[in-house]
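Colleague: Below you'll find my_file-v3.txt; it's compact mmCIF, N, CA and C atoms.
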```
# COMPACT_ATOMS: atom_id res chain seq x y z
N LEU A 5 73.74 113.32 82.08
CA LEU A 5 73.30 113.95 83.31
C LEU A 5 73.01 115.43 83.07
N PRO A 6 71.95 115.92 83.65
CA PRO A 6 71.67 117.35 83.47
C PRO A 6 72.66 118.18 84.28
N LEU A 7 72.99 119.35 83.77
CA LEU A 7 73.89 120.25 84.48
C LEU A 7 73.15 120.88 85.64
N ARG A 8 73.83 121.00 86.75
CA ARG A 8 73.22 121.65 87.91
C ARG A 8 73.46 123.14 87.81
N GLU A 9 72.60 123.89 88.45
CA GLU A 9 72.82 125.33 88.51
C GLU A 9 74.13 125.59 89.22
N SER A 10 74.82 126.64 88.79
CA SER A 10 76.04 126.97 89.52
C SER A 10 75.63 127.51 90.88
N ARG A 11 76.41 127.20 91.87
CA ARG A 11 76.09 127.63 93.23
C ARG A 11 77.38 127.79 93.99
N THR A 12 77.29 128.45 95.10
CA THR A 12 78.45 128.57 95.95
C THR A 12 78.33 127.57 97.07
N GLY A 13 79.44 127.27 97.68
CA GLY A 13 79.43 126.31 98.76
C GLY A 13 80.00 124.98 98.28
N PRO A 14 80.13 124.05 99.20
CA PRO A 14 80.71 122.76 98.84
C PRO A 14 79.76 121.94 97.98
N PRO A 15 80.31 120.99 97.21
CA PRO A 15 79.45 120.09 96.43
C PRO A 15 78.58 119.25 97.37
N PRO A 16 77.51 118.67 96.85
CA PRO A 16 76.60 117.89 97.70
C PRO A 16 77.28 116.75 98.46
N CYS A 17 78.32 116.15 97.88
CA CYS A 17 78.99 115.04 98.57
C CYS A 17 79.87 115.54 99.72
N GLY A 18 80.16 116.84 99.76
CA GLY A 18 80.95 117.41 100.85
C GLY A 18 82.43 117.45 100.57
N ILE A 19 82.90 116.77 99.53
CA ILE A 19 84.32 116.76 99.20
C ILE A 19 84.59 117.84 98.18
N VAL A 20 85.44 118.77 98.53
CA VAL A 20 85.76 119.87 97.65
C VAL A 20 87.00 119.50 96.83
N PRO A 21 86.85 119.37 95.50
CA PRO A 21 88.04 119.04 94.70
C PRO A 21 89.02 120.21 94.72
N PHE A 22 90.28 119.92 94.69
CA PHE A 22 91.30 120.96 94.76
C PHE A 22 92.52 120.55 93.96
N ARG A 23 93.32 121.53 93.61
CA ARG A 23 94.56 121.24 92.89
C ARG A 23 95.46 120.43 93.81
N GLY A 24 96.00 119.37 93.29
CA GLY A 24 96.88 118.53 94.08
C GLY A 24 96.21 117.30 94.66
N MET A 25 94.93 117.13 94.38
CA MET A 25 94.21 115.99 94.93
C MET A 25 94.84 114.66 94.48
N CYS A 26 95.46 114.67 93.30
CA CYS A 26 96.10 113.44 92.80
C CYS A 26 97.28 113.03 93.66
N LEU A 27 97.79 113.94 94.50
CA LEU A 27 98.90 113.57 95.39
C LEU A 27 98.52 112.45 96.35
N TYR A 28 97.24 112.34 96.68
CA TYR A 28 96.81 111.25 97.54
C TYR A 28 97.09 109.90 96.89
N PHE A 29 96.97 109.85 95.57
CA PHE A 29 96.99 108.59 94.85
C PHE A 29 98.35 108.22 94.28
N ALA A 30 99.21 109.19 94.06
CA ALA A 30 100.50 108.94 93.41
C ALA A 30 101.33 107.85 94.09
N PRO A 31 101.49 107.85 95.42
CA PRO A 31 102.32 106.80 96.04
C PRO A 31 101.82 105.38 95.80
N PHE A 32 100.52 105.20 95.59
CA PHE A 32 100.00 103.86 95.33
C PHE A 32 100.49 103.31 93.99
N CYS A 33 100.86 104.19 93.08
CA CYS A 33 101.36 103.75 91.77
C CYS A 33 102.67 102.99 91.91
N TYR A 34 103.39 103.20 93.00
CA TYR A 34 104.67 102.53 93.23
C TYR A 34 104.51 101.20 93.96
N LEU A 35 103.31 100.89 94.38
CA LEU A 35 103.11 99.69 95.19
C LEU A 35 102.59 98.48 94.42
N PHE A 36 101.94 98.71 93.30
CA PHE A 36 101.26 97.62 92.60
C PHE A 36 101.67 97.55 91.14
N ASP A 37 101.78 96.32 90.63
CA ASP A 37 102.00 96.11 89.20
C ASP A 37 100.66 96.08 88.46
N ASP A 38 99.62 95.63 89.15
CA ASP A 38 98.30 95.47 88.56
C ASP A 38 97.47 96.74 88.78
N ILE A 39 97.00 97.35 87.71
CA ILE A 39 96.25 98.61 87.79
C ILE A 39 94.93 98.44 88.55
N VAL A 40 94.28 97.29 88.40
CA VAL A 40 93.01 97.06 89.10
C VAL A 40 93.24 97.00 90.60
N GLU A 41 94.28 96.31 91.00
CA GLU A 41 94.61 96.22 92.43
C GLU A 41 94.98 97.60 92.98
N ALA A 42 95.77 98.36 92.22
CA ALA A 42 96.15 99.71 92.65
C ALA A 42 94.91 100.59 92.80
N TYR A 43 94.00 100.51 91.85
CA TYR A 43 92.77 101.30 91.90
C TYR A 43 91.92 100.91 93.11
N THR A 44 91.75 99.60 93.32
CA THR A 44 90.91 99.11 94.41
C THR A 44 91.44 99.58 95.77
N VAL A 45 92.74 99.44 95.98
CA VAL A 45 93.33 99.85 97.25
C VAL A 45 93.27 101.37 97.41
N THR A 46 93.51 102.09 96.33
CA THR A 46 93.47 103.55 96.38
C THR A 46 92.08 104.05 96.76
N VAL A 47 91.05 103.49 96.14
CA VAL A 47 89.68 103.89 96.45
C VAL A 47 89.34 103.56 97.90
N GLU A 48 89.73 102.37 98.34
CA GLU A 48 89.46 101.97 99.73
C GLU A 48 90.15 102.93 100.72
N PHE A 49 91.40 103.24 100.43
CA PHE A 49 92.15 104.14 101.31
C PHE A 49 91.53 105.54 101.32
N PHE A 50 91.12 106.02 100.13
CA PHE A 50 90.49 107.33 100.07
C PHE A 50 89.21 107.36 100.90
N CYS A 51 88.37 106.34 100.71
CA CYS A 51 87.09 106.31 101.43
C CYS A 51 87.27 106.17 102.93
N LYS A 52 88.35 105.52 103.34
CA LYS A 52 88.57 105.28 104.76
C LYS A 52 89.30 106.45 105.44
N TYR A 53 90.23 107.08 104.73
CA TYR A 53 91.08 108.09 105.36
C TYR A 53 91.06 109.45 104.68
N PHE A 54 91.41 109.49 103.40
CA PHE A 54 91.64 110.77 102.74
C PHE A 54 90.40 111.63 102.60
N CYS A 55 89.22 111.02 102.51
CA CYS A 55 88.00 111.84 102.41
C CYS A 55 87.87 112.75 103.62
N ARG A 56 88.43 112.36 104.74
CA ARG A 56 88.38 113.18 105.95
C ARG A 56 89.30 114.40 105.86
N LEU A 57 90.32 114.32 104.98
CA LEU A 57 91.26 115.43 104.83
C LEU A 57 90.72 116.51 103.91
N CYS A 58 89.77 116.18 103.06
CA CYS A 58 89.29 117.18 102.10
C CYS A 58 87.81 117.52 102.32
N THR A 59 87.33 117.31 103.53
CA THR A 59 86.02 117.80 103.93
C THR A 59 86.19 118.55 105.23
N VAL A 60 85.45 119.62 105.38
CA VAL A 60 85.52 120.39 106.61
C VAL A 60 84.50 119.81 107.57
N THR A 61 85.01 119.10 108.55
CA THR A 61 84.14 118.44 109.52
C THR A 61 84.85 118.38 110.88
N ALA A 62 84.07 118.46 111.91
CA ALA A 62 84.62 118.33 113.26
C ALA A 62 84.47 116.90 113.77
N GLU A 63 84.04 115.99 112.89
CA GLU A 63 83.89 114.59 113.28
C GLU A 63 85.26 114.00 113.64
N PRO A 64 85.26 112.95 114.47
CA PRO A 64 86.53 112.30 114.81
C PRO A 64 87.28 111.87 113.55
N GLY A 65 88.58 112.13 113.54
CA GLY A 65 89.40 111.77 112.39
C GLY A 65 89.39 112.79 111.28
N GLY A 66 88.63 113.87 111.45
CA GLY A 66 88.56 114.91 110.43
C GLY A 66 89.76 115.84 110.50
N VAL A 67 89.88 116.67 109.47
CA VAL A 67 91.04 117.55 109.36
C VAL A 67 91.10 118.56 110.52
N ILE A 68 89.96 118.98 111.02
CA ILE A 68 89.96 119.93 112.14
C ILE A 68 90.55 119.27 113.38
N GLU A 69 90.14 118.04 113.65
CA GLU A 69 90.68 117.32 114.79
C GLU A 69 92.19 117.08 114.62
N LEU A 70 92.62 116.73 113.42
CA LEU A 70 94.05 116.52 113.18
C LEU A 70 94.84 117.80 113.41
N CYS A 71 94.30 118.92 112.98
CA CYS A 71 94.98 120.21 113.20
C CYS A 71 95.06 120.53 114.70
N ARG A 72 93.98 120.28 115.40
CA ARG A 72 93.98 120.50 116.86
C ARG A 72 95.00 119.59 117.54
N ASN A 73 95.06 118.33 117.12
CA ASN A 73 96.03 117.39 117.68
C ASN A 73 97.46 117.85 117.40
N PHE A 74 97.70 118.34 116.17
CA PHE A 74 99.03 118.85 115.83
C PHE A 74 99.42 120.00 116.76
N GLU A 75 98.52 120.96 116.94
CA GLU A 75 98.84 122.11 117.79
C GLU A 75 99.07 121.68 119.23
N ASP A 76 98.23 120.77 119.74
CA ASP A 76 98.40 120.28 121.11
C ASP A 76 99.74 119.56 121.26
N LEU A 77 100.07 118.71 120.29
CA LEU A 77 101.33 117.97 120.33
C LEU A 77 102.53 118.92 120.26
N LEU A 78 102.44 119.92 119.40
CA LEU A 78 103.54 120.88 119.28
C LEU A 78 103.76 121.62 120.60
N HIS A 79 102.68 122.10 121.20
CA HIS A 79 102.81 122.85 122.46
C HIS A 79 103.26 121.96 123.60
N THR A 80 102.93 120.67 123.55
CA THR A 80 103.33 119.74 124.60
C THR A 80 104.79 119.30 124.45
N THR A 81 105.20 119.01 123.23
CA THR A 81 106.53 118.44 123.02
C THR A 81 107.59 119.46 122.64
N SER A 82 107.18 120.59 122.08
CA SER A 82 108.15 121.60 121.63
C SER A 82 107.68 122.99 122.04
N THR A 83 107.50 123.16 123.32
CA THR A 83 106.95 124.41 123.84
C THR A 83 107.79 125.62 123.42
N GLU A 84 109.12 125.49 123.52
CA GLU A 84 109.98 126.63 123.15
C GLU A 84 109.84 126.99 121.68
N ALA A 85 109.80 126.00 120.82
CA ALA A 85 109.65 126.27 119.38
C ALA A 85 108.29 126.92 119.09
N ALA A 86 107.25 126.43 119.73
CA ALA A 86 105.92 127.00 119.54
C ALA A 86 105.87 128.45 120.00
N MET A 87 106.46 128.71 121.15
CA MET A 87 106.48 130.09 121.67
C MET A 87 107.31 131.01 120.78
N HIS A 88 108.45 130.51 120.29
CA HIS A 88 109.30 131.30 119.42
C HIS A 88 108.57 131.67 118.12
N MET A 89 107.85 130.70 117.56
CA MET A 89 107.09 130.97 116.34
C MET A 89 106.00 132.00 116.60
N GLU A 90 105.35 131.90 117.75
CA GLU A 90 104.31 132.88 118.10
C GLU A 90 104.91 134.27 118.26
N GLU A 91 106.09 134.37 118.87
CA GLU A 91 106.78 135.66 119.02
C GLU A 91 107.10 136.28 117.66
N LEU A 92 107.40 135.44 116.69
CA LEU A 92 107.73 135.91 115.34
C LEU A 92 106.47 136.15 114.49
N GLY A 93 105.31 135.85 115.06
CA GLY A 93 104.06 136.03 114.34
C GLY A 93 103.79 134.95 113.31
N ILE A 94 104.41 133.79 113.52
CA ILE A 94 104.24 132.66 112.60
C ILE A 94 103.30 131.65 113.24
N SER A 95 102.28 131.28 112.50
CA SER A 95 101.38 130.25 112.98
C SER A 95 101.92 128.89 112.54
N PRO A 96 102.24 128.01 113.49
CA PRO A 96 102.74 126.69 113.11
C PRO A 96 101.78 125.93 112.19
N LEU A 97 100.50 126.14 112.37
CA LEU A 97 99.53 125.44 111.54
C LEU A 97 99.58 125.93 110.09
N ASP A 98 99.96 127.19 109.87
CA ASP A 98 100.12 127.69 108.49
C ASP A 98 101.19 126.89 107.76
N ILE A 99 102.19 126.47 108.48
CA ILE A 99 103.27 125.68 107.89
C ILE A 99 102.85 124.22 107.76
N ALA A 100 102.25 123.67 108.78
CA ALA A 100 101.95 122.24 108.83
C ALA A 100 100.68 121.83 108.10
N PHE A 101 99.76 122.77 107.87
CA PHE A 101 98.48 122.39 107.27
C PHE A 101 98.65 121.69 105.92
N PRO A 102 99.49 122.20 105.00
CA PRO A 102 99.66 121.46 103.74
C PRO A 102 100.21 120.04 103.95
N TRP A 103 101.06 119.85 104.94
CA TRP A 103 101.59 118.52 105.23
C TRP A 103 100.44 117.60 105.61
N ILE A 104 99.58 118.10 106.48
CA ILE A 104 98.43 117.32 106.96
C ILE A 104 97.45 117.09 105.81
N MET A 105 97.11 118.16 105.12
CA MET A 105 96.13 118.10 104.03
C MET A 105 96.51 117.09 102.95
N PHE A 106 97.80 117.05 102.58
CA PHE A 106 98.25 116.16 101.53
C PHE A 106 98.85 114.86 102.07
N ALA A 107 98.62 114.58 103.35
CA ALA A 107 99.09 113.34 103.98
C ALA A 107 100.59 113.15 103.76
N PHE A 108 101.32 114.26 103.78
CA PHE A 108 102.78 114.32 103.69
C PHE A 108 103.35 114.03 102.31
N VAL A 109 102.50 113.78 101.31
CA VAL A 109 103.00 113.56 99.95
C VAL A 109 103.57 114.87 99.43
N GLY A 110 104.77 114.79 98.87
CA GLY A 110 105.45 115.97 98.37
C GLY A 110 106.33 116.62 99.44
N TYR A 111 106.18 116.17 100.67
CA TYR A 111 106.98 116.71 101.78
C TYR A 111 107.92 115.66 102.35
N LEU A 112 107.56 114.39 102.19
CA LEU A 112 108.41 113.27 102.62
C LEU A 112 108.74 112.43 101.40
N ASP A 113 109.81 111.65 101.49
CA ASP A 113 110.15 110.71 100.43
C ASP A 113 109.11 109.59 100.40
N VAL A 114 108.97 108.94 99.24
CA VAL A 114 107.96 107.88 99.06
C VAL A 114 108.03 106.81 100.15
N PRO A 115 109.23 106.28 100.51
CA PRO A 115 109.25 105.28 101.58
C PRO A 115 108.73 105.82 102.92
N GLN A 116 108.98 107.09 103.19
CA GLN A 116 108.47 107.68 104.44
C GLN A 116 106.96 107.84 104.39
N VAL A 117 106.42 108.20 103.22
CA VAL A 117 104.97 108.30 103.07
C VAL A 117 104.33 106.93 103.27
N ARG A 118 104.93 105.91 102.67
CA ARG A 118 104.41 104.54 102.84
C ARG A 118 104.44 104.14 104.31
N ALA A 119 105.52 104.47 105.00
CA ALA A 119 105.61 104.12 106.43
C ALA A 119 104.53 104.84 107.23
N ALA A 120 104.29 106.10 106.91
CA ALA A 120 103.25 106.86 107.61
C ALA A 120 101.87 106.25 107.35
N ARG A 121 101.62 105.85 106.10
CA ARG A 121 100.33 105.24 105.76
C ARG A 121 100.19 103.87 106.42
N ASP A 122 101.28 103.11 106.46
CA ASP A 122 101.25 101.82 107.15
C ASP A 122 100.91 102.02 108.62
N THR A 123 101.53 103.01 109.23
CA THR A 123 101.27 103.30 110.64
C THR A 123 99.81 103.68 110.85
N ALA A 124 99.29 104.54 109.98
CA ALA A 124 97.89 104.97 110.10
C ALA A 124 96.94 103.80 109.95
N SER A 125 97.15 102.98 108.93
CA SER A 125 96.22 101.87 108.71
C SER A 125 96.37 100.79 109.77
N THR A 126 97.58 100.55 110.25
CA THR A 126 97.80 99.56 111.31
C THR A 126 97.17 100.03 112.61
N SER A 127 97.37 101.30 112.92
CA SER A 127 96.78 101.87 114.13
C SER A 127 95.26 101.79 114.07
N HIS A 128 94.71 102.10 112.91
CA HIS A 128 93.26 102.06 112.74
C HIS A 128 92.74 100.63 112.86
N SER A 129 93.44 99.66 112.27
CA SER A 129 93.03 98.25 112.32
C SER A 129 93.10 97.72 113.74
N ALA A 130 94.10 98.16 114.49
CA ALA A 130 94.29 97.67 115.85
C ALA A 130 93.15 98.08 116.77
N LYS A 131 92.47 99.15 116.43
CA LYS A 131 91.36 99.60 117.26
C LYS A 131 90.15 98.69 117.12
N GLY A 132 90.11 97.91 116.02
CA GLY A 132 89.04 96.94 115.86
C GLY A 132 87.73 97.50 115.36
N SER A 133 87.68 98.79 115.04
CA SER A 133 86.44 99.36 114.51
C SER A 133 86.77 100.60 113.70
N ASP A 134 85.79 101.05 112.98
CA ASP A 134 85.95 102.28 112.20
C ASP A 134 85.61 103.51 113.02
N HIS A 135 85.36 103.34 114.32
CA HIS A 135 84.92 104.47 115.13
C HIS A 135 85.94 105.59 115.18
N ALA A 136 87.21 105.26 115.14
CA ALA A 136 88.24 106.29 115.22
C ALA A 136 88.20 107.23 114.02
N MET A 137 87.79 106.72 112.85
CA MET A 137 87.79 107.55 111.66
C MET A 137 86.39 107.99 111.24
N GLN A 138 85.37 107.43 111.84
CA GLN A 138 84.02 107.77 111.46
C GLN A 138 83.15 107.86 112.71
N SER A 139 82.26 108.82 112.74
CA SER A 139 81.34 108.87 113.86
C SER A 139 80.23 107.85 113.62
N GLU A 140 79.55 107.45 114.67
CA GLU A 140 78.52 106.42 114.53
C GLU A 140 77.45 106.87 113.56
N GLY A 141 77.02 105.93 112.72
CA GLY A 141 75.97 106.21 111.78
C GLY A 141 76.42 106.97 110.55
N THR A 142 77.69 107.31 110.46
CA THR A 142 78.19 108.06 109.32
C THR A 142 79.17 107.20 108.57
N ARG A 143 79.03 107.12 107.27
CA ARG A 143 79.94 106.35 106.44
C ARG A 143 80.71 107.30 105.56
N ALA A 144 81.87 106.88 105.16
CA ALA A 144 82.65 107.67 104.20
C ALA A 144 81.90 107.69 102.87
N PRO A 145 82.04 108.77 102.12
CA PRO A 145 81.33 108.83 100.84
C PRO A 145 81.78 107.73 99.89
N ALA A 146 80.84 107.21 99.13
CA ALA A 146 81.16 106.16 98.13
C ALA A 146 81.91 106.79 96.99
N PRO A 147 82.85 106.07 96.40
CA PRO A 147 83.59 106.62 95.27
C PRO A 147 82.69 106.78 94.06
N VAL A 148 82.95 107.80 93.28
CA VAL A 148 82.23 108.00 92.03
C VAL A 148 83.05 107.31 90.96
N VAL A 149 82.47 106.32 90.32
CA VAL A 149 83.21 105.54 89.33
C VAL A 149 82.68 105.84 87.95
```
I need this file expressed as structure tokens, please.

Modeller:
Amino acid sequence: LPLRESRTGPPPCGIVPFRGMCLYFAPFCYLFDDIVEAYTVTVEFFCKYFCRLCTVTAEPGGVIELCRNFEDLLHTTSTEAAMHMEELGISPLDIAFPWIMFAFVGYLDVPQVRAARDTASTSHSAKGSDHAMQSEGTRAPAPVV
């Protein structure tokens, strides 16, 4: 493949590679004995969910929406804590963003991460469509193999 000119901005696929990206995949290593099955499920999960965490998009299910939901939930359920953090000059999202970005890997134990992923995939399946994670006419990027 020819080398592209260096440029600034996100790559053409929209997914910006970053340190720690392998954290998305590490928990899958504990679920499967067969490497092909682990790879297949990992790629499917990335294309369905994780690609939304590493692209800057306001589409439904994107990281911006998740951050907004976190802030709304915090202010609704823990108003005193949110106000106290604001008084101290601490942005709750500064603390929670890495948790959201890495889908809680490295912040929760492996069984808790699996439970969170089970909840996400079950919730998504129950809706009966991909609309919750993708806007109409938009597909998750295909994996580069």

Colleague: State, in Å with one decimal place, the distance from atom CA of Leu35 of chain A to atom CA of Gln116 of chain A.

Modeller: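 Calculated distance between atom CA of Leu35 of chain A and atom CA of Gln116 of chain A is 13.3 Å.
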
Colleague: Could you tell me how far atom CA of Pro96 of chain A lies from atom CA of Cys55 of chain A, in Å and to one decimal?

Modeller: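 The value is 23.5 Å.
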
Colleague: A:Cys33, A:Ala107, A:Cys26, A:Leu70: which is nearest Ala120 of chain A, counting only C-alpha atoms?

Modeller: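 For Ala120 of chain A, the nearest of the candidates is A:Ala107.
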
Colleague: Rounded to one decimal, what separation in Å do you get between atom N of Ala85 of chain A and atom CA of Asn73 of chain A?

Modeller: 16.5 Å

Colleague: Using only N, CA and C atoms, find the one residue out of A:Ala30, A:Ala86, A:Ala100, A:Ala42 that sits nearest to Cys71 of chain A.

Modeller: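 Comparing A:Ala30, A:Ala86, A:Ala100, A:Ala42 against Cys71 of chain A, the winner is A:Ala100.
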
Colleague: Give the answer as one residue: which of A:Thr59, A:His79, A:Ile39, A:Met105 has the shortest atom-to-atom distance to Pro16 of chain A, using only C-alpha atoms?

Modeller: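 So, comparing all the options, the nearest one is A:Thr59.
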
Colleague: Write down as a ChimeraX atom specification the residues belonging to segment 24-144 of chain A that are assigned alpha helix (DSSP H) by DSSP computed on the backbone.

Modeller: /A:39-52,67-81,83-91,96-105,114-130

Colleague: Show me, as lines of an AutoDock Vina configuration file, the centre and edge lengths in Å to one decimal of the axis-aligned box that covers every listed atom of segment 25-34 of chain A with 5 Å on each side.

Modeller:
```
center_x = 99.4
center_y = 109.2
center_z = 94.7
size_x = 20.5
size_y = 25.9
size_z = 15.8
```

Colleague: Rank A:Gly65, A:Leu97, A:Val45, A:Pro31 by their smallest atom-to-atom distance to Arg118 of chain A, using only N, CA and C atoms, and report the top residue only.

Modeller: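 Checking each candidate against Arg118 of chain A, we get A:Pro31 as the closest.
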